[in-house]
$ cat coords24.txt   # compact mmCIF, C-alpha atoms and all ligand atoms
# COMPACT_ATOMS: atom_id res chain seq x y z
CA MET A 217 -148.61 -47.26 -77.38
CA SER A 218 -146.70 -46.66 -74.13
CA SER A 219 -148.38 -47.65 -70.90
CA LEU A 220 -150.46 -45.30 -68.83
CA ASP A 221 -151.49 -45.22 -65.18
CA PHE A 222 -154.82 -43.79 -64.19
CA ILE A 223 -156.49 -42.25 -61.20
CA ILE A 224 -160.27 -42.50 -61.34
CA GLY A 225 -162.31 -40.91 -58.59
CA SER A 226 -163.37 -37.48 -57.41
CA LYS A 227 -161.70 -34.06 -57.48
CA ALA A 228 -159.96 -34.68 -54.15
CA ASP A 229 -158.05 -37.65 -55.60
CA LEU A 230 -155.69 -35.57 -57.76
CA PRO A 231 -152.45 -34.99 -55.78
CA GLU A 232 -151.89 -31.29 -55.18
CA LYS A 233 -148.57 -31.21 -57.04
CA TYR A 234 -150.45 -31.74 -60.33
CA LEU A 235 -153.12 -29.08 -59.80
CA GLU A 236 -151.54 -26.10 -61.57
CA GLN A 237 -150.63 -28.18 -64.62
CA PHE A 238 -154.15 -29.58 -64.60
CA PHE A 239 -155.66 -26.06 -64.60
CA LEU A 240 -153.53 -25.20 -67.66
CA MET A 241 -154.87 -28.32 -69.33
CA LEU A 242 -158.47 -27.37 -68.48
CA GLN A 243 -157.86 -23.97 -70.03
CA ASP A 244 -156.34 -25.49 -73.18
CA ASN A 245 -159.23 -27.95 -73.37
CA SER A 246 -161.62 -25.02 -73.38
CA ARG A 247 -159.58 -23.31 -76.13
CA ALA A 248 -159.84 -26.47 -78.25
CA ARG A 249 -163.58 -26.82 -77.74
CA PHE A 250 -164.93 -23.31 -78.07
CA PRO A 251 -164.25 -20.43 -80.50
CA VAL A 252 -164.01 -17.79 -77.74
CA ALA A 253 -160.97 -17.06 -75.53
CA PRO A 254 -160.98 -19.25 -72.39
CA TYR A 255 -161.24 -17.99 -68.80
CA ASP A 256 -158.09 -17.10 -66.86
CA LEU A 257 -156.50 -19.65 -64.52
CA ASP A 258 -158.13 -18.14 -61.43
CA PHE A 259 -161.48 -19.14 -62.87
CA TYR A 260 -160.39 -22.80 -62.95
CA ARG A 261 -158.83 -22.57 -59.46
CA ASN A 262 -162.13 -21.25 -58.12
CA PHE A 263 -164.18 -23.77 -60.11
CA TRP A 264 -162.12 -26.60 -58.60
CA GLN A 265 -163.00 -25.52 -55.06
CA MET A 266 -166.73 -25.46 -55.70
CA PRO A 267 -168.88 -28.29 -54.42
CA LEU A 268 -171.05 -30.30 -56.80
CA GLN A 269 -174.64 -29.23 -57.32
CA PRO A 270 -176.94 -31.44 -55.21
CA GLU A 271 -178.51 -32.89 -58.37
CA ASP A 272 -175.17 -33.85 -59.99
CA ASP A 273 -172.67 -36.66 -59.67
CA GLU A 274 -169.36 -37.03 -61.51
CA LEU A 275 -166.20 -39.05 -62.04
CA GLN A 276 -162.79 -37.56 -62.70
CA LEU A 277 -160.02 -39.43 -64.48
CA TRP A 278 -156.35 -38.52 -64.90
CA ALA A 279 -153.84 -40.32 -67.13
CA PHE A 280 -150.13 -40.47 -66.23
CA GLU A 281 -147.16 -41.64 -68.24
CA ASN A 282 -144.14 -42.23 -65.97
CA ASP A 283 -145.74 -40.02 -63.30
CA VAL A 284 -146.26 -37.17 -65.77
CA LEU A 285 -149.86 -35.99 -66.15
CA VAL A 286 -150.66 -36.41 -69.87
CA GLY A 287 -154.43 -36.28 -70.08
CA PHE A 288 -157.75 -36.27 -68.33
CA GLY A 289 -161.37 -37.17 -68.75
CA PHE A 290 -164.41 -36.35 -66.72
CA VAL A 291 -167.98 -37.36 -66.85
CA SER A 292 -171.02 -36.02 -65.02
CA TRP A 293 -174.67 -36.98 -64.78
CA LYS A 294 -177.84 -36.01 -62.97
CA ILE A 295 -179.11 -37.94 -59.97
CA LYS A 296 -182.27 -35.85 -59.70
CA TYR A 297 -184.88 -34.10 -61.89
CA GLU A 298 -184.35 -35.26 -65.50
CA ASN A 299 -182.01 -36.96 -68.00
CA LEU A 300 -181.02 -39.53 -65.38
CA HIS A 301 -179.95 -41.95 -68.14
CA ILE A 302 -177.54 -39.50 -69.81
CA ALA A 303 -174.01 -38.51 -68.88
CA SER A 304 -171.75 -35.99 -70.57
CA ALA A 305 -167.99 -36.17 -70.82
CA GLN A 306 -164.90 -34.28 -71.89
CA ILE A 307 -161.54 -35.79 -72.81
CA TYR A 308 -158.19 -34.08 -73.20
CA VAL A 309 -154.69 -35.27 -74.07
CA LEU A 310 -151.58 -33.06 -74.04
CA PRO A 311 -150.70 -31.99 -77.62
CA ALA A 312 -147.33 -33.78 -77.56
CA LYS A 313 -149.02 -37.02 -76.53
CA ARG A 314 -151.81 -37.14 -79.09
CA LEU A 315 -152.45 -39.77 -81.75
CA LYS A 316 -150.96 -42.53 -79.58
CA GLY A 317 -154.29 -43.99 -78.50
CA PHE A 318 -154.41 -42.19 -75.11
CA GLY A 319 -157.71 -40.44 -75.87
CA THR A 320 -159.25 -43.78 -76.82
CA SER A 321 -158.01 -45.38 -73.57
CA ILE A 322 -159.56 -42.57 -71.53
CA LEU A 323 -162.89 -42.86 -73.38
CA ARG A 324 -162.92 -46.64 -72.87
CA LEU A 325 -162.25 -46.28 -69.14
CA LEU A 326 -165.00 -43.69 -68.78
CA PHE A 327 -167.46 -46.12 -70.37
CA GLN A 328 -166.36 -48.86 -67.97
CA ALA A 329 -166.64 -46.61 -64.92
CA LEU A 330 -170.13 -45.25 -65.62
CA PRO A 331 -172.95 -46.46 -63.35
CA PRO A 332 -175.10 -49.17 -65.00
CA HIS A 333 -178.22 -47.01 -65.31
CA ILE A 334 -176.46 -44.58 -67.68
CA GLU A 335 -177.46 -45.46 -71.25
CA THR A 336 -176.02 -42.57 -73.24
CA LEU A 337 -172.80 -40.58 -73.08
CA SER A 338 -172.74 -37.26 -74.92
CA ILE A 339 -169.52 -35.50 -75.88
CA GLY A 340 -169.10 -32.21 -77.71
CA ALA A 341 -166.34 -30.73 -79.86
CA LEU A 342 -165.79 -27.84 -82.20
CA LEU A 343 -166.87 -28.81 -85.73
CA HIS A 344 -163.86 -29.79 -87.91
CA SER A 345 -161.47 -29.72 -84.93
CA ILE A 346 -159.18 -32.54 -83.79
CA GLY A 347 -161.80 -33.41 -81.17
CA ASP A 348 -164.41 -33.72 -83.93
CA SER A 349 -162.12 -36.11 -85.89
CA PHE A 350 -161.61 -38.17 -82.73
CA LEU A 351 -165.34 -38.43 -81.97
CA LYS A 352 -166.18 -39.14 -85.61
CA LYS A 353 -163.92 -42.17 -85.58
CA TYR A 354 -166.26 -43.80 -83.06
CA GLN A 355 -169.66 -42.31 -83.91
CA GLU A 356 -170.32 -41.30 -87.50
CA LYS A 357 -173.16 -38.85 -86.93
CA PHE A 358 -173.54 -36.01 -84.45
CA SER A 359 -176.91 -35.35 -82.82
CA PHE A 360 -176.80 -31.61 -82.25
CA VAL A 361 -175.22 -28.56 -83.85
CA GLU A 362 -174.86 -25.24 -82.08
CA ILE A 363 -173.90 -22.16 -84.08
CA ILE A 364 -171.72 -19.71 -82.18
CA ASN A 365 -172.28 -16.15 -83.38
CA ALA A 366 -170.49 -13.03 -82.19
CA VAL A 367 -170.49 -9.30 -82.77
CA ASP A 368 -167.97 -6.59 -82.01
CA LEU A 369 -170.04 -3.94 -80.19
CA SER A 370 -168.20 -1.08 -81.93
CA VAL A 371 -170.31 -1.74 -85.07
CA PHE A 372 -173.37 -0.25 -83.36
CA ASP A 373 -174.31 3.40 -83.28
CA LEU A 374 -175.39 4.11 -79.69
CA LYS A 375 -177.94 6.79 -80.68
CA GLU A 376 -179.60 4.52 -83.25
CA VAL A 377 -179.77 1.67 -80.75
CA GLN A 378 -181.22 3.94 -78.07
CA ALA A 379 -183.82 5.28 -80.49
CA PHE A 380 -184.92 1.81 -81.63
CA ALA A 381 -184.93 0.36 -78.07
CA SER A 382 -187.08 3.27 -76.94
CA SER A 383 -189.51 3.06 -79.89
CA GLU A 384 -189.92 -0.67 -79.22
CA ARG A 385 -190.72 0.03 -75.56
CA GLU A 386 -193.42 2.46 -76.71
CA ARG A 387 -194.84 0.10 -79.37
CA LEU A 388 -195.03 -2.79 -76.92
CA LYS A 389 -196.55 -0.61 -74.22
CA GLN A 390 -199.47 -0.07 -76.62
CA LEU A 391 -199.75 -3.85 -76.93
CA GLY A 392 -199.83 -4.30 -73.14
CA TYR A 393 -196.21 -5.11 -72.27
CA SER A 394 -193.44 -3.47 -70.27
CA PHE A 395 -189.78 -4.32 -69.65
CA VAL A 396 -188.08 -4.77 -66.29
CA GLU A 397 -184.30 -4.80 -65.95
CA ILE A 398 -182.80 -7.62 -63.88
CA GLY A 399 -179.45 -8.51 -62.36
CA SER A 400 -178.42 -11.81 -60.84
CA TYR A 401 -181.03 -12.07 -58.07
CA ASP A 402 -183.64 -9.41 -58.93
CA TYR A 403 -186.13 -12.03 -60.06
CA LEU A 404 -186.69 -12.84 -56.37
CA ALA A 405 -187.73 -9.30 -55.48
CA LYS A 406 -189.34 -8.15 -58.71
CA PHE A 407 -191.58 -11.12 -59.58
CA ASP A 408 -193.71 -13.80 -58.07
CA VAL A 409 -190.96 -16.41 -57.96
CA GLN A 410 -193.25 -19.33 -58.92
CA ASN A 411 -194.42 -17.47 -62.03
CA TYR A 412 -190.85 -16.57 -62.90
CA VAL A 413 -189.53 -20.10 -62.59
CA ARG A 414 -192.48 -21.49 -64.58
CA MET A 415 -191.58 -19.06 -67.37
CA ILE A 416 -187.93 -20.22 -67.26
CA GLU A 417 -189.05 -23.85 -67.41
CA GLU A 418 -191.29 -23.20 -70.43
CA ILE A 419 -188.52 -21.32 -72.22
CA TRP A 420 -185.88 -23.97 -71.52
CA ASN A 421 -188.20 -26.75 -72.66
CA ASP A 422 -188.83 -24.90 -75.88
CA MET A 423 -185.16 -24.80 -76.88
CA PRO A 424 -184.51 -27.22 -79.76
CA VAL A 425 -182.56 -30.34 -78.76
CA GLU A 426 -182.45 -31.62 -82.36
CA ASP A 427 -181.57 -35.36 -82.28
CA LEU A 428 -180.32 -35.46 -78.69
CA SER A 429 -182.17 -37.91 -76.45
CA TYR A 430 -182.87 -35.30 -73.77
CA ASP A 431 -185.95 -35.17 -71.51
CA LYS A 432 -187.91 -32.07 -70.62
CA VAL A 433 -186.31 -30.17 -67.73
CA VAL A 434 -187.97 -29.68 -64.36
CA ILE A 435 -187.22 -26.34 -62.73
CA THR A 436 -188.16 -25.77 -59.11
CA VAL A 437 -187.63 -22.54 -57.20
CA GLU A 438 -184.92 -24.19 -55.11
CA ARG A 439 -183.13 -25.61 -58.15
CA TYR A 440 -183.19 -22.32 -60.03
CA LYS A 441 -181.83 -20.45 -57.03
CA SER A 442 -178.97 -22.92 -56.65
CA LEU A 443 -178.15 -22.70 -60.39
CA ILE A 444 -177.95 -18.92 -60.13
CA ASP A 445 -175.90 -19.16 -56.91
CA ARG A 446 -173.36 -21.40 -58.60
CA PHE A 447 -173.22 -19.17 -61.66
CA VAL A 448 -172.54 -16.11 -59.48
CA GLN A 449 -169.90 -17.97 -57.43
CA LEU A 450 -168.13 -18.74 -60.71
CA GLY A 451 -167.60 -14.99 -61.10
CA ASN A 452 -170.51 -14.19 -63.41
CA LYS A 453 -172.59 -11.04 -63.32
CA ILE A 454 -176.01 -11.20 -64.97
CA ILE A 455 -177.60 -8.34 -66.92
CA GLY A 456 -181.03 -8.85 -68.41
CA PHE A 457 -184.53 -7.71 -69.22
CA VAL A 458 -187.86 -9.37 -68.55
CA ALA A 459 -190.99 -8.70 -70.59
CA VAL A 460 -194.05 -8.35 -68.39
CA GLU A 461 -197.71 -8.60 -69.39
CA SER A 462 -199.12 -5.38 -67.94
CA LYS A 463 -202.64 -6.61 -67.14
CA THR A 464 -201.47 -9.64 -65.09
CA ASN A 465 -198.00 -8.41 -64.10
CA LYS A 466 -196.69 -11.83 -65.13
CA PRO A 467 -193.22 -12.32 -66.64
CA ILE A 468 -193.67 -13.76 -70.14
CA GLY A 469 -190.25 -13.42 -71.75
CA LEU A 470 -186.67 -12.56 -71.03
CA THR A 471 -183.17 -12.11 -72.30
CA LYS A 472 -179.98 -12.25 -70.22
CA ALA A 473 -176.27 -11.94 -70.74
CA SER A 474 -173.46 -12.72 -68.34
CA ILE A 475 -170.07 -11.15 -67.87
CA ASN A 476 -167.38 -13.15 -66.10
CA LYS A 477 -164.88 -11.20 -64.00
CA SER A 478 -162.12 -13.10 -65.82
CA GLN A 479 -163.19 -11.49 -69.14
CA PRO A 480 -164.83 -8.12 -68.39
CA TYR A 481 -164.86 -7.22 -72.09
CA LEU A 482 -167.01 -10.18 -73.09
CA ALA A 483 -170.80 -10.53 -72.79
CA GLU A 484 -172.03 -14.08 -73.18
CA GLN A 485 -175.64 -14.29 -74.26
CA ASP A 486 -177.67 -16.49 -71.95
CA ASP A 487 -181.35 -17.41 -72.33
CA THR A 488 -183.66 -15.49 -74.61
CA GLY A 489 -187.24 -16.64 -74.84
CA VAL A 490 -190.87 -15.63 -75.03
CA VAL A 491 -193.61 -17.99 -73.85
CA HIS A 492 -195.86 -19.31 -76.62
CA ALA A 493 -198.99 -17.33 -75.81
CA HIS A 494 -197.11 -14.07 -76.38
CA ARG A 495 -195.16 -14.89 -79.53
CA GLY A 496 -195.57 -12.94 -82.75
CA ASN A 497 -195.34 -9.48 -81.18
CA GLY A 498 -191.65 -8.87 -81.81
CA LEU A 499 -190.82 -9.24 -78.12
CA GLY A 500 -187.66 -11.27 -78.79
CA LEU A 501 -185.93 -8.58 -80.85
CA ALA A 502 -187.25 -5.81 -78.59
CA LEU A 503 -185.84 -7.55 -75.50
CA LYS A 504 -182.46 -7.99 -77.13
CA TYR A 505 -182.39 -4.31 -78.09
CA GLN A 506 -182.98 -3.38 -74.42
CA LEU A 507 -180.02 -5.58 -73.53
CA LEU A 508 -177.86 -4.18 -76.32
CA GLU A 509 -178.56 -0.63 -75.16
CA LYS A 510 -177.43 -1.64 -71.66
CA LEU A 511 -174.27 -3.39 -72.93
CA LEU A 512 -173.31 -0.32 -74.98
CA ALA A 513 -173.63 1.85 -71.87
CA ASP A 514 -170.59 0.04 -70.42
CA PRO A 515 -167.56 0.86 -72.61
CA SER A 516 -165.51 -1.93 -71.07
CA ILE A 517 -167.77 -4.51 -72.77
CA THR A 518 -166.65 -4.82 -76.40
CA GLN A 519 -167.89 -8.21 -77.59
CA TRP A 520 -171.12 -10.15 -77.40
CA PHE A 521 -171.52 -13.78 -78.37
CA ALA A 522 -174.34 -16.31 -78.44
CA GLY A 523 -174.77 -20.01 -79.07
CA ASN A 524 -177.96 -21.34 -80.70
CA ALA A 525 -179.11 -24.65 -82.08
CA LEU A 526 -178.74 -24.78 -85.86
CA SER A 527 -182.50 -25.43 -86.08
CA ASN A 528 -183.41 -22.38 -83.97
CA ASP A 529 -184.41 -20.22 -86.97
CA HIS A 530 -186.17 -17.54 -84.91
CA MET A 531 -183.21 -16.80 -82.69
CA LEU A 532 -180.68 -17.00 -85.50
CA ARG A 533 -182.75 -14.50 -87.50
CA ILE A 534 -182.82 -12.10 -84.55
CA ASN A 535 -179.06 -12.42 -84.04
CA LYS A 536 -178.52 -11.72 -87.74
CA LEU A 537 -180.53 -8.51 -87.39
CA LEU A 538 -178.17 -7.72 -84.52
CA LYS A 539 -175.19 -8.07 -86.91
CA HIS A 540 -173.88 -11.30 -85.40
CA LYS A 541 -171.49 -13.37 -87.54
CA GLU A 542 -170.73 -17.04 -87.20
CA ILE A 543 -167.39 -17.79 -85.50
CA GLY A 544 -167.73 -21.56 -85.15
CA ARG A 545 -170.00 -24.54 -84.64
CA LYS A 546 -170.16 -26.96 -81.76
CA VAL A 547 -171.29 -30.51 -82.42
CA VAL A 548 -172.46 -33.06 -79.86
CA TYR A 549 -172.13 -36.80 -80.41
CA GLU A 550 -174.12 -39.39 -78.46
CA PHE A 551 -172.69 -42.80 -77.64
CA HIS A 552 -175.30 -45.39 -76.68
CA ARG A 553 -174.42 -48.21 -74.29
CA LYS A 554 -175.09 -50.93 -76.86
CA ASP A 555 -172.20 -49.52 -78.96
CA TRP A 556 -169.66 -48.89 -76.20
CA HIS A 557 -167.98 -52.27 -76.65
CA ARG A 558 -166.86 -51.15 -80.13
CA ILE A 559 -164.41 -48.64 -78.64
C1 LIG B 601 -159.55 -35.34 -78.94
C2 LIG B 601 -158.31 -35.87 -78.20
C3 LIG B 601 -158.72 -36.17 -76.77
C4 LIG B 601 -157.86 -37.16 -78.88
O1 LIG B 601 -156.77 -37.70 -78.15
P1 LIG B 601 -155.73 -38.72 -78.82
O2 LIG B 601 -154.95 -39.34 -77.72
O3 LIG B 601 -154.98 -38.03 -79.91
O4 LIG B 601 -156.73 -39.79 -79.46
P2 LIG B 601 -156.35 -41.20 -80.10
O5 LIG B 601 -154.87 -41.31 -80.35
O6 LIG B 601 -156.95 -42.25 -79.24
O7 LIG B 601 -157.10 -41.10 -81.50
C5 LIG B 601 -158.13 -41.98 -81.86
C6 LIG B 601 -158.61 -41.64 -83.26
O8 LIG B 601 -159.14 -40.32 -83.32
C7 LIG B 601 -158.88 -39.77 -84.63
N1 LIG B 601 -158.06 -38.57 -84.46
C8 LIG B 601 -157.55 -38.09 -83.33
N2 LIG B 601 -156.86 -36.96 -83.57
C9 LIG B 601 -156.93 -36.73 -84.89
C10 LIG B 601 -156.42 -35.73 -85.75
N3 LIG B 601 -155.64 -34.74 -85.27
N4 LIG B 601 -156.71 -35.79 -87.06
C11 LIG B 601 -157.46 -36.80 -87.54
N5 LIG B 601 -157.95 -37.79 -86.77
C12 LIG B 601 -157.70 -37.76 -85.47
C13 LIG B 601 -158.11 -40.80 -85.41
O9 LIG B 601 -159.05 -41.54 -86.17
C14 LIG B 601 -157.51 -41.65 -84.31
O10 LIG B 601 -157.34 -42.98 -84.68
P3 LIG B 601 -156.07 -43.42 -85.58
O11 LIG B 601 -154.87 -42.81 -84.92
O12 LIG B 601 -156.11 -44.91 -85.51
O13 LIG B 601 -156.32 -42.89 -86.93
C15 LIG B 601 -157.15 -34.85 -78.26
O14 LIG B 601 -156.90 -34.50 -79.61
C16 LIG B 601 -157.42 -33.58 -77.49
O15 LIG B 601 -157.14 -33.53 -76.30
N6 LIG B 601 -157.98 -32.54 -78.15
C17 LIG B 601 -158.33 -31.32 -77.45
C18 LIG B 601 -159.58 -31.53 -76.57
C19 LIG B 601 -160.80 -31.80 -77.42
O16 LIG B 601 -161.01 -31.30 -78.49
N7 LIG B 601 -161.68 -32.64 -76.93
C20 LIG B 601 -162.92 -32.90 -77.65
C21 LIG B 601 -163.35 -34.30 -77.49
S1 LIG B 601 -163.83 -34.54 -75.78
$ encode --input "coords24.txt" --output "structure tokens"
Amino acid sequence: MSSLDFIIGSKADLPEKYLEQFFLMLQDNSRARFPVAPYDLDFYRNFWQMPLQPEDDELQLWAFENDVLVGFGFVSWKIKYENLHIASAQIYVLPAKRLKGFGTSILRLLFQALPPHIETLSIGALLHSIGDSFLKKYQEKFSFVEIINAVDLSVFDLKEVQAFASSERERLKQLGYSFVEIGSYDYLAKFDVQNYVRMIEEIWNDMPVEDLSYDKVVITVERYKSLIDRFVQLGNKIIGFVAVESKTNKPIGLTKASINKSQPYLAEQDDTGVVHAHRGNGLGLALKYQLLEKLLADPSITQWFAGNALSNDHMLRINKLLKHKEIGRKVVYEFHRKDWHRI
């Protein structure tokens, strides 16, 4: 293996002359890790300018061979709220420089650089990809599988979708529910914000984590607002529907999708959830039909994709009814501190 030099630090430590090549590498990393086209380079340029969230900390690492940037790694972890013992990382090596041990060197250095309170490092890859082979060499079993499903919106008949969405609104009205459309910030004006954030927290904590060693999340009003702010600053527009219990006016379920300005044709499914007390009324499918009707109203949106835990039978069933087909699987491996010396 030829020798490498490294910079380990924060975003500001990468000399400017490497930035554009680094953005291309970030984009290629995304292509290797996810079965949907990556964002354009402006997305990464913008992302690079954005400050860290107050609850996050991170380390960036770049690998150079004779002053040529050949790979990177980064790792981030929470310093507030939950999962304080877990970090997550990504590693990338230029295609021409692979299988020379560079990826392993980057992983080893990330382990060495992590603060002592971090016990677990999680890293994801596309199932059966090169990244999966790399991670499997060092950890035989993954802890989480996410199925990525997608549908081409041209398969739907607008009139049929409108008719079903409308009949579901009527059926659920009889059961004491209504639907409210939301954009990025409407939750602040349309709902009691405490109630809204409590619903989000319940829904997030209900998402299967399979064998990952994750804690329950803690969502405060301030934290939720800053998550949405960051999401919007990354160029995302949110479209969604909230299910409301008519007698209390409380939000009890929602579905949202986001469209990034870099890919106006693509709707990425975000949260869908119904709080426990209101399950069993078909609200999940009804909510998604409201969203589908809205997506079809914009002819520039042609694809819709969603990622769900393999064990999330309810959501996968709903997405099947909505004609989604699997386009790939993401797997997440956990590396526990006691095993890091093996790498
Ligand atoms: C994953 C990645 C970082 C590995 O970088 P690398 O420099 O090739 O890794 P190494 O040379 O240290 O490989 C270590 C081991 O991983 C396994 N491995 C890596 N690439 C492999 C491949 N294409 N096929 C089979 N096994 C592979 C091998 O077991 C290898 O050990 P060996 O050469 O002794 O057999 C690189 O392929 C990459 O950048 N992929 C795109 C990004 C990505 O998918 N990242 C996901 C993980 S964060």
$ atom_distance --input "coords24.txt" --atom1 "CA of Ala341 in chain A" --atom2 "CA of Asp283 in chain A"
28.0 Å
$ atom_distance --input "coords24.txt" --atom1 "CA of Leu503 in chain A" --atom2 "CA of Ala473 in chain A"
11.6 Å
$ residues_around --input "coords24.txt" --residues "Asp422 in chain A" --least-positions-apart "4" --cutoff "10 Å" --atoms "all atoms listed in the file" --output "list in words"
Ile416, Glu417, Glu418, Lys432, Gly489, Val490, Val491 and His492 of chain A
$ closest_atom_pairs --input "coords24.txt" --of "chain A" --to "ligand LIG 601 (chain B)" --cutoff "6 Å" --atoms "all atoms listed in the file" --output "JSON lines"
{"residue": "A:Asn245", "atom": "CA", "partner": "B:LIG601", "partner_atom": "C18", "distance": 4.8}
{"residue": "A:Ala248", "atom": "CA", "partner": "B:LIG601", "partner_atom": "O16", "distance": 5.0}
{"residue": "A:Arg249", "atom": "CA", "partner": "B:LIG601", "partner_atom": "O16", "distance": 5.2}
{"residue": "A:Gln306", "atom": "CA", "partner": "B:LIG601", "partner_atom": "S1", "distance": 4.0}
{"residue": "A:Ile307", "atom": "CA", "partner": "B:LIG601", "partner_atom": "S1", "distance": 4.0}
{"residue": "A:Tyr308", "atom": "CA", "partner": "B:LIG601", "partner_atom": "O15", "distance": 3.3}
{"residue": "A:Val309", "atom": "CA", "partner": "B:LIG601", "partner_atom": "O15", "distance": 3.7}
{"residue": "A:Arg314", "atom": "CA", "partner": "B:LIG601", "partner_atom": "O3", "distance": 3.4}
{"residue": "A:Leu315", "atom": "CA", "partner": "B:LIG601", "partner_atom": "O5", "distance": 3.2}
{"residue": "A:Lys316", "atom": "CA", "partner": "B:LIG601", "partner_atom": "O5", "distance": 4.2}
{"residue": "A:Gly317", "atom": "CA", "partner": "B:LIG601", "partner_atom": "O6", "distance": 3.3}
{"residue": "A:Phe318", "atom": "CA", "partner": "B:LIG601", "partner_atom": "O2", "distance": 3.9}
{"residue": "A:Gly319", "atom": "CA", "partner": "B:LIG601", "partner_atom": "O2", "distance": 3.5}
{"residue": "A:Thr320", "atom": "CA", "partner": "B:LIG601", "partner_atom": "O6", "distance": 3.7}
{"residue": "A:Ile339", "atom": "CA", "partner": "B:LIG601", "partner_atom": "S1", "distance": 5.8}
{"residue": "A:Ala341", "atom": "CA", "partner": "B:LIG601", "partner_atom": "C20", "distance": 4.6}
{"residue": "A:Ile346", "atom": "CA", "partner": "B:LIG601", "partner_atom": "N3", "distance": 4.4}
{"residue": "A:Gly347", "atom": "CA", "partner": "B:LIG601", "partner_atom": "O16", "distance": 3.5}
{"residue": "A:Ser349", "atom": "CA", "partner": "B:LIG601", "partner_atom": "N5", "distance": 4.6}
{"residue": "A:Phe350", "atom": "CA", "partner": "B:LIG601", "partner_atom": "O8", "distance": 3.3}
{"residue": "A:Lys353", "atom": "CA", "partner": "B:LIG601", "partner_atom": "O9", "distance": 4.9}
$ atom_distance --input "coords24.txt" --atom1 "CA of Leu526 in chain A" --atom2 "CA of Phe250 in chain A"
15.9 Å
$ residues_around --input "coords24.txt" --residues "Phe263 in chain A" --least-positions-apart "3" --cutoff "12 Å" --atoms "only C-alpha atoms" --output "short mmCIF file (atom, residue, chain, number, x, y, z; two decimals) with C-alpha atoms, in the frame of the given file"
data_model
loop_
_atom_site.label_atom_id
_atom_site.label_comp_id
_atom_site.auth_asym_id
_atom_site.auth_seq_id
_atom_site.Cartn_x
_atom_site.Cartn_y
_atom_site.Cartn_z
CA LYS A 227 -161.70 -34.06 -57.48
CA PHE A 239 -155.66 -26.06 -64.60
CA LEU A 242 -158.47 -27.37 -68.48
CA GLN A 243 -157.86 -23.97 -70.03
CA TYR A 255 -161.24 -17.99 -68.80
CA ASP A 256 -158.09 -17.10 -66.86
CA LEU A 257 -156.50 -19.65 -64.52
CA ASP A 258 -158.13 -18.14 -61.43
CA PHE A 259 -161.48 -19.14 -62.87
CA TYR A 260 -160.39 -22.80 -62.95
CA MET A 266 -166.73 -25.46 -55.70
CA PRO A 267 -168.88 -28.29 -54.42
CA LEU A 268 -171.05 -30.30 -56.80
CA ARG A 446 -173.36 -21.40 -58.60
CA PHE A 447 -173.22 -19.17 -61.66
CA VAL A 448 -172.54 -16.11 -59.48
CA GLN A 449 -169.90 -17.97 -57.43
CA LEU A 450 -168.13 -18.74 -60.71
CA GLY A 451 -167.60 -14.99 -61.10
CA ASN A 452 -170.51 -14.19 -63.41
#
$ residues_around --input "coords24.txt" --residues "Ile455 in chain A" --least-positions-apart "3" --cutoff "8 Å" --atoms "all atoms listed in the file" --output "NGL selection string"
:A and (397-400 or 472-474 or 507)
$ closest_residue --input "coords24.txt" --among "A:Leu374, A:Val425, A:Ile363, A:Leu404" --to "Gly523 in chain A" --atoms "all atoms listed in the file"
A:Ile363
